[in-house]
Amino acid sequence: MTETTNDLNKLSEMVSAFDRLKQELSKAIIGQDAVIEQLVIAMLARGHALLVGVPGLAKTLLIKSLAEVLDLSFSRIQFTPDLMPSDITGTDIIEEDHSTGKREFRFVKGPVFANIVLADEINRTPPKTQAALLEAMQEHRVTAGVQSYVLEEPFFVLATQNPIEQEGTYPLPEAQLDRFMFNLKVNYPSRDEERNIVSQTTSGASVTLKKVLDRKAIMEYQDLIRRVPVAANVIDYAVDLVGRTRPDNEGALDYIQKWVGWGAGPRASQYLVLGAKTRAAIRGNPTPSIDDVKAIALPVLRHRVLSNFNAEADGITVDEIIQKLL
């Protein structure tokens, strides 16, 4: 009973902290409320996020500002065709001890050793380098030679992609895409938002962001999310929704068989439930509803459901298939 009371108090704290976080970020970021909420959901659920949007939509500024208000270490990796795996994870260098004259290897940590890692334009580097993030994202550790190094928690990878220029890019393999909890579409601002952006960024005013949370509080909230109870019907809905995306499942709908090549795997069901729990928690609800699952279905499923040639020929997007399924 005491533990339940403590969790409810902590839940109330989380709601207040999320409100303060949104208020603080609004000083630097105008609009993008849905993206901000989904980034926080991914972080508290211990997931990673892929942001897709044209240049100039403040994706990098948003991520940098988020790290600042959360008082977390931040590093940015600009992905280019000549980037090597060691440029991400780190490398061994030979160092000489001047007192003894003895030489030995010392590991110099790469930019992946940060709480929030921005992988900017991740599809501009070859698969070999993209794969350097795989172990870090999944296992929260890095292996160099025979030695493994554990990454400091919390650890959160945010990658960006430009959907326009595809020439000279390397599409992320499905195995790596599946490591991302969310695929977030960053859209153009409204006219009023754009007007405010122009007004704010062309003046001489500077923005100072205050710290809202620290590492300890974030990790406590991450643990709290895991303890949020979920009703059986909500889990059933998430599992059934993911199962319905698979064209080879018994009883698959006609349009799924026609338009979908491959459906989502079990990780989608896990992230739907985790995301629903987190969305409910930051709104002050002690347990998620089916509406919470529906609200995050698009960013969880859009990179896990692969449409086929028939869908392309009919002009049907993956988002439209998921919306029809919902």
# chains A, B, ... in the order shown; residues from 1 in each chain; ligands from 1

$ residues_around --residues "stretch 34-48 of chain A" --least-positions-apart "2" --cutoff "9 Å" --atoms "only C-alpha atoms" --output "count of residues only"
41

$ residues_around --residues "stretch 113-127 of chain A" --least-positions-apart "4" --cutoff "6 Å" --atoms "only C-alpha atoms" --output "ChimeraX atom specification"
/A:72-81,131,154-161,169-171

$ write_last_selection --atoms "C-alpha atoms" --output "compact mmCIF listing (two decimals), in the first residue's frame"
# COMPACT_ATOMS: atom_id res chain seq x y z
CA LEU A 72 22.28 15.58 -19.55
CA SER A 73 25.55 15.28 -21.45
CA PHE A 74 25.05 15.77 -25.19
CA SER A 75 27.07 14.93 -28.29
CA ARG A 76 26.36 15.44 -31.97
CA ILE A 77 27.73 13.16 -34.68
CA GLN A 78 27.48 14.47 -38.24
CA PHE A 79 27.17 11.35 -40.41
CA THR A 80 29.11 11.57 -43.67
CA PRO A 81 30.18 8.97 -46.29
CA ALA A 131 25.93 -0.59 -37.51
CA PRO A 154 20.23 7.30 -19.22
CA PHE A 155 21.29 6.69 -22.82
CA PHE A 156 19.16 8.01 -25.64
CA VAL A 157 19.92 8.06 -29.39
CA LEU A 158 18.12 10.57 -31.58
CA ALA A 159 18.77 10.27 -35.30
CA THR A 160 17.67 12.64 -38.07
CA GLN A 161 16.96 12.03 -41.74
CA THR A 169 22.39 8.09 -49.14
CA TYR A 170 22.32 4.65 -47.53
CA PRO A 171 18.80 3.65 -46.38

$ select_by_dssp --residues "stretch 86-164 of chain A" --states "alpha helix (DSSP H)" --output "short mmCIF file (atom, residue, chain, number, x, y, z; two decimals) with N, CA and C atoms, in the first residue's frame"
data_model
loop_
_atom_site.label_atom_id
_atom_site.label_comp_id
_atom_site.auth_asym_id
_atom_site.auth_seq_id
_atom_site.Cartn_x
_atom_site.Cartn_y
_atom_site.Cartn_z
N SER A 86 34.96 3.74 -35.68
CA SER A 86 35.75 4.22 -34.54
C SER A 86 35.52 5.70 -34.27
N ASP A 87 35.06 6.44 -35.29
CA ASP A 87 34.73 7.85 -35.09
C ASP A 87 33.51 8.01 -34.18
N ILE A 88 32.74 6.93 -34.03
CA ILE A 88 31.54 6.95 -33.19
C ILE A 88 31.84 6.36 -31.82
N THR A 89 32.44 5.17 -31.83
CA THR A 89 32.61 4.43 -30.58
C THR A 89 33.87 4.83 -29.81
N PRO A 127 26.48 1.41 -44.32
CA PRO A 127 25.92 0.49 -43.31
C PRO A 127 26.92 0.05 -42.24
N LYS A 128 28.19 -0.10 -42.61
CA LYS A 128 29.21 -0.53 -41.64
C LYS A 128 29.29 0.47 -40.48
N THR A 129 29.22 1.75 -40.80
CA THR A 129 29.30 2.77 -39.76
C THR A 129 27.96 2.90 -39.03
N GLN A 130 26.87 2.80 -39.77
CA GLN A 130 25.54 2.82 -39.13
C GLN A 130 25.45 1.73 -38.08
N ALA A 132 27.62 0.59 -36.21
CA ALA A 132 28.38 0.87 -34.99
C ALA A 132 27.46 1.33 -33.87
N LEU A 133 26.32 1.89 -34.25
CA LEU A 133 25.35 2.33 -33.24
C LEU A 133 24.48 1.19 -32.71
N LEU A 134 24.41 0.07 -33.46
CA LEU A 134 23.49 -1.00 -33.11
C LEU A 134 23.70 -1.54 -31.71
N GLU A 135 24.94 -1.93 -31.41
CA GLU A 135 25.22 -2.51 -30.09
C GLU A 135 24.95 -1.48 -29.00
N ALA A 136 25.37 -0.23 -29.26
CA ALA A 136 25.16 0.83 -28.26
C ALA A 136 23.67 1.03 -27.99
N MET A 137 22.85 1.05 -29.04
CA MET A 137 21.42 1.29 -28.88
C MET A 137 20.73 0.14 -28.17
N GLN A 138 21.12 -1.08 -28.49
CA GLN A 138 20.44 -2.25 -27.95
C GLN A 138 20.99 -2.67 -26.59
N GLU A 139 22.33 -2.72 -26.49
CA GLU A 139 22.96 -3.27 -25.28
C GLU A 139 23.43 -2.19 -24.31
#

$ residues_around --residues "A:Leu11" --least-positions-apart "2" --cutoff "10 Å" --atoms "only C-alpha atoms" --output "NGL selection string"
:A and (5-9 or 13-17 or 221 or 224-225 or 228 or 281-286)

$ closest_residue --among "A:Asn249, A:Ser289, A:Val142, A:Asn187" --to "A:Asp33" --atoms "only C-alpha atoms"
A:Asn187

$ select_by_dssp --residues "stretch 44-116 of chain A" --states "strand (DSSP E)" --output "list in words"
Ala49, Leu50, Leu51, Val52, Phe74, Ser75, Arg76, Ile77, Gln78, Gly90, Thr91, Asp92, Ile93, Ile94, Glu95, Glu96, Arg103, Glu104, Phe105, Arg106, Phe107, Val108, Lys109 and Ile116 of chain A

$ closest_residue --among "A:Leu272, A:Val108, A:Leu301, A:Ile321" --to "A:Leu253" --atoms "only C-alpha atoms"
A:Ile321

$ residues_around --residues "stretch 91-99 of chain A" --least-positions-apart "4" --cutoff "12 Å" --atoms "only C-alpha atoms" --output "MDAnalysis selection string"
chainID A and resid 84:87 103:112 142:147 149

$ residues_around --residues "A:Ala313" --least-positions-apart "5" --cutoff "12 Å" --atoms "only C-alpha atoms" --output "list of chain:residue names"
A:Lys258, A:Trp259, A:Ser307, A:Asn308

$ write_last_selection --atoms "C-alpha atoms" --output "mmCIF file, in the first residue's frame"
data_model
loop_
_atom_site.group_PDB
_atom_site.id
_atom_site.type_symbol
_atom_site.label_atom_id
_atom_site.label_comp_id
_atom_site.auth_asym_id
_atom_site.auth_seq_id
_atom_site.Cartn_x
_atom_site.Cartn_y
_atom_site.Cartn_z
ATOM 1 C CA LYS A 258 -2.773 -6.486 -51.086
ATOM 2 C CA TRP A 259 -0.660 -3.564 -49.862
ATOM 3 C CA SER A 307 4.317 -1.625 -48.082
ATOM 4 C CA ASN A 308 4.717 -3.364 -51.441
#

$ decode --residues "stretch 135-238 of chain A" --atoms "C-alpha atoms" --output "short mmCIF file (atom, residue, chain, number, x, y, z; two decimals), in the first residue's frame"
data_model
loop_
_atom_site.label_atom_id
_atom_site.label_comp_id
_atom_site.auth_asym_id
_atom_site.auth_seq_id
_atom_site.Cartn_x
_atom_site.Cartn_y
_atom_site.Cartn_z
CA GLU A 135 25.22 -2.51 -30.09
CA ALA A 136 25.16 0.83 -28.26
CA MET A 137 21.42 1.29 -28.88
CA GLN A 138 20.44 -2.25 -27.95
CA GLU A 139 22.96 -3.27 -25.28
CA HIS A 140 23.93 0.19 -23.94
CA ARG A 141 27.59 -0.72 -24.23
CA VAL A 142 30.47 -0.49 -26.70
CA THR A 143 33.00 -3.19 -27.56
CA ALA A 144 36.48 -2.20 -28.72
CA GLY A 145 38.78 -5.12 -29.37
CA VAL A 146 38.22 -7.54 -26.49
CA GLN A 147 37.12 -4.89 -24.01
CA SER A 148 33.53 -3.78 -23.39
CA TYR A 149 32.60 -0.36 -22.01
CA VAL A 150 29.21 0.29 -20.40
CA LEU A 151 27.47 3.52 -21.42
CA GLU A 152 26.26 5.86 -18.69
CA GLU A 153 22.51 5.86 -18.08
CA PRO A 154 20.23 7.30 -19.22
CA PHE A 155 21.29 6.69 -22.82
CA PHE A 156 19.16 8.01 -25.64
CA VAL A 157 19.92 8.06 -29.39
CA LEU A 158 18.12 10.57 -31.58
CA ALA A 159 18.77 10.27 -35.30
CA THR A 160 17.67 12.64 -38.07
CA GLN A 161 16.96 12.03 -41.74
CA ASN A 162 16.26 14.37 -44.62
CA PRO A 163 13.41 12.84 -46.70
CA ILE A 164 14.11 14.91 -49.82
CA GLU A 165 17.69 14.23 -50.95
CA GLN A 166 18.09 10.48 -51.43
CA GLU A 167 21.02 10.60 -53.88
CA GLY A 168 24.19 9.37 -52.22
CA THR A 169 22.39 8.09 -49.14
CA TYR A 170 22.32 4.65 -47.53
CA PRO A 171 18.80 3.65 -46.38
CA LEU A 172 18.81 2.22 -42.87
CA PRO A 173 18.45 -1.59 -42.83
CA GLU A 174 15.21 -2.89 -41.29
CA ALA A 175 17.18 -4.42 -38.40
CA GLN A 176 18.50 -1.00 -37.43
CA LEU A 177 15.19 0.79 -38.03
CA ASP A 178 13.57 -1.67 -35.63
CA ARG A 179 15.91 -0.44 -32.86
CA PHE A 180 14.13 2.92 -32.91
CA MET A 181 11.02 3.06 -30.75
CA PHE A 182 9.55 5.96 -32.74
CA ASN A 183 9.77 7.26 -36.29
CA LEU A 184 8.67 10.88 -35.90
CA LYS A 185 7.64 13.11 -38.79
CA VAL A 186 8.64 16.72 -38.19
CA ASN A 187 6.23 18.87 -40.19
CA TYR A 188 6.28 22.49 -41.31
CA PRO A 189 5.10 25.03 -38.72
CA SER A 190 1.74 26.81 -39.08
CA ARG A 191 1.73 30.39 -40.39
CA ASP A 192 1.45 31.89 -36.90
CA GLU A 193 4.21 29.63 -35.59
CA GLU A 194 6.49 30.52 -38.50
CA ARG A 195 5.80 34.21 -37.93
CA ASN A 196 6.80 33.83 -34.27
CA ILE A 197 9.92 31.89 -35.28
CA VAL A 198 11.02 34.62 -37.68
CA SER A 199 10.28 37.36 -35.14
CA GLN A 200 12.22 35.59 -32.36
CA THR A 201 15.25 34.46 -34.35
CA THR A 202 15.87 37.73 -36.19
CA SER A 203 15.97 39.87 -33.03
CA GLY A 204 18.91 40.33 -30.69
CA ALA A 205 17.23 38.52 -27.78
CA SER A 206 19.04 35.50 -26.34
CA VAL A 207 17.37 32.52 -24.71
CA THR A 208 18.60 30.96 -21.46
CA LEU A 209 17.12 27.58 -20.58
CA LYS A 210 16.81 26.41 -16.97
CA LYS A 211 17.42 22.86 -15.78
CA VAL A 212 14.16 21.01 -15.13
CA LEU A 213 15.29 17.45 -14.36
CA ASP A 214 18.54 15.63 -13.62
CA ARG A 215 19.86 12.13 -14.32
CA LYS A 216 18.65 10.69 -11.01
CA ALA A 217 15.06 11.92 -11.46
CA ILE A 218 14.90 10.71 -15.07
CA MET A 219 16.06 7.22 -14.10
CA GLU A 220 13.53 7.11 -11.25
CA TYR A 221 10.76 8.04 -13.70
CA GLN A 222 11.98 5.36 -16.13
CA ASP A 223 11.69 2.77 -13.35
CA LEU A 224 8.24 4.12 -12.43
CA ILE A 225 7.00 3.62 -16.00
CA ARG A 226 7.87 -0.06 -15.77
CA ARG A 227 5.69 -0.36 -12.65
CA VAL A 228 2.61 1.24 -14.25
CA PRO A 229 -0.08 -1.49 -14.41
CA VAL A 230 -1.75 -2.29 -17.75
CA ALA A 231 -5.19 -3.86 -18.19
CA ALA A 232 -5.35 -7.12 -20.14
CA ASN A 233 -7.64 -5.62 -22.81
CA VAL A 234 -5.07 -2.88 -23.55
CA ILE A 235 -2.30 -5.45 -24.04
CA ASP A 236 -4.65 -7.55 -26.20
CA TYR A 237 -5.45 -4.50 -28.35
CA ALA A 238 -1.75 -3.71 -28.89
#
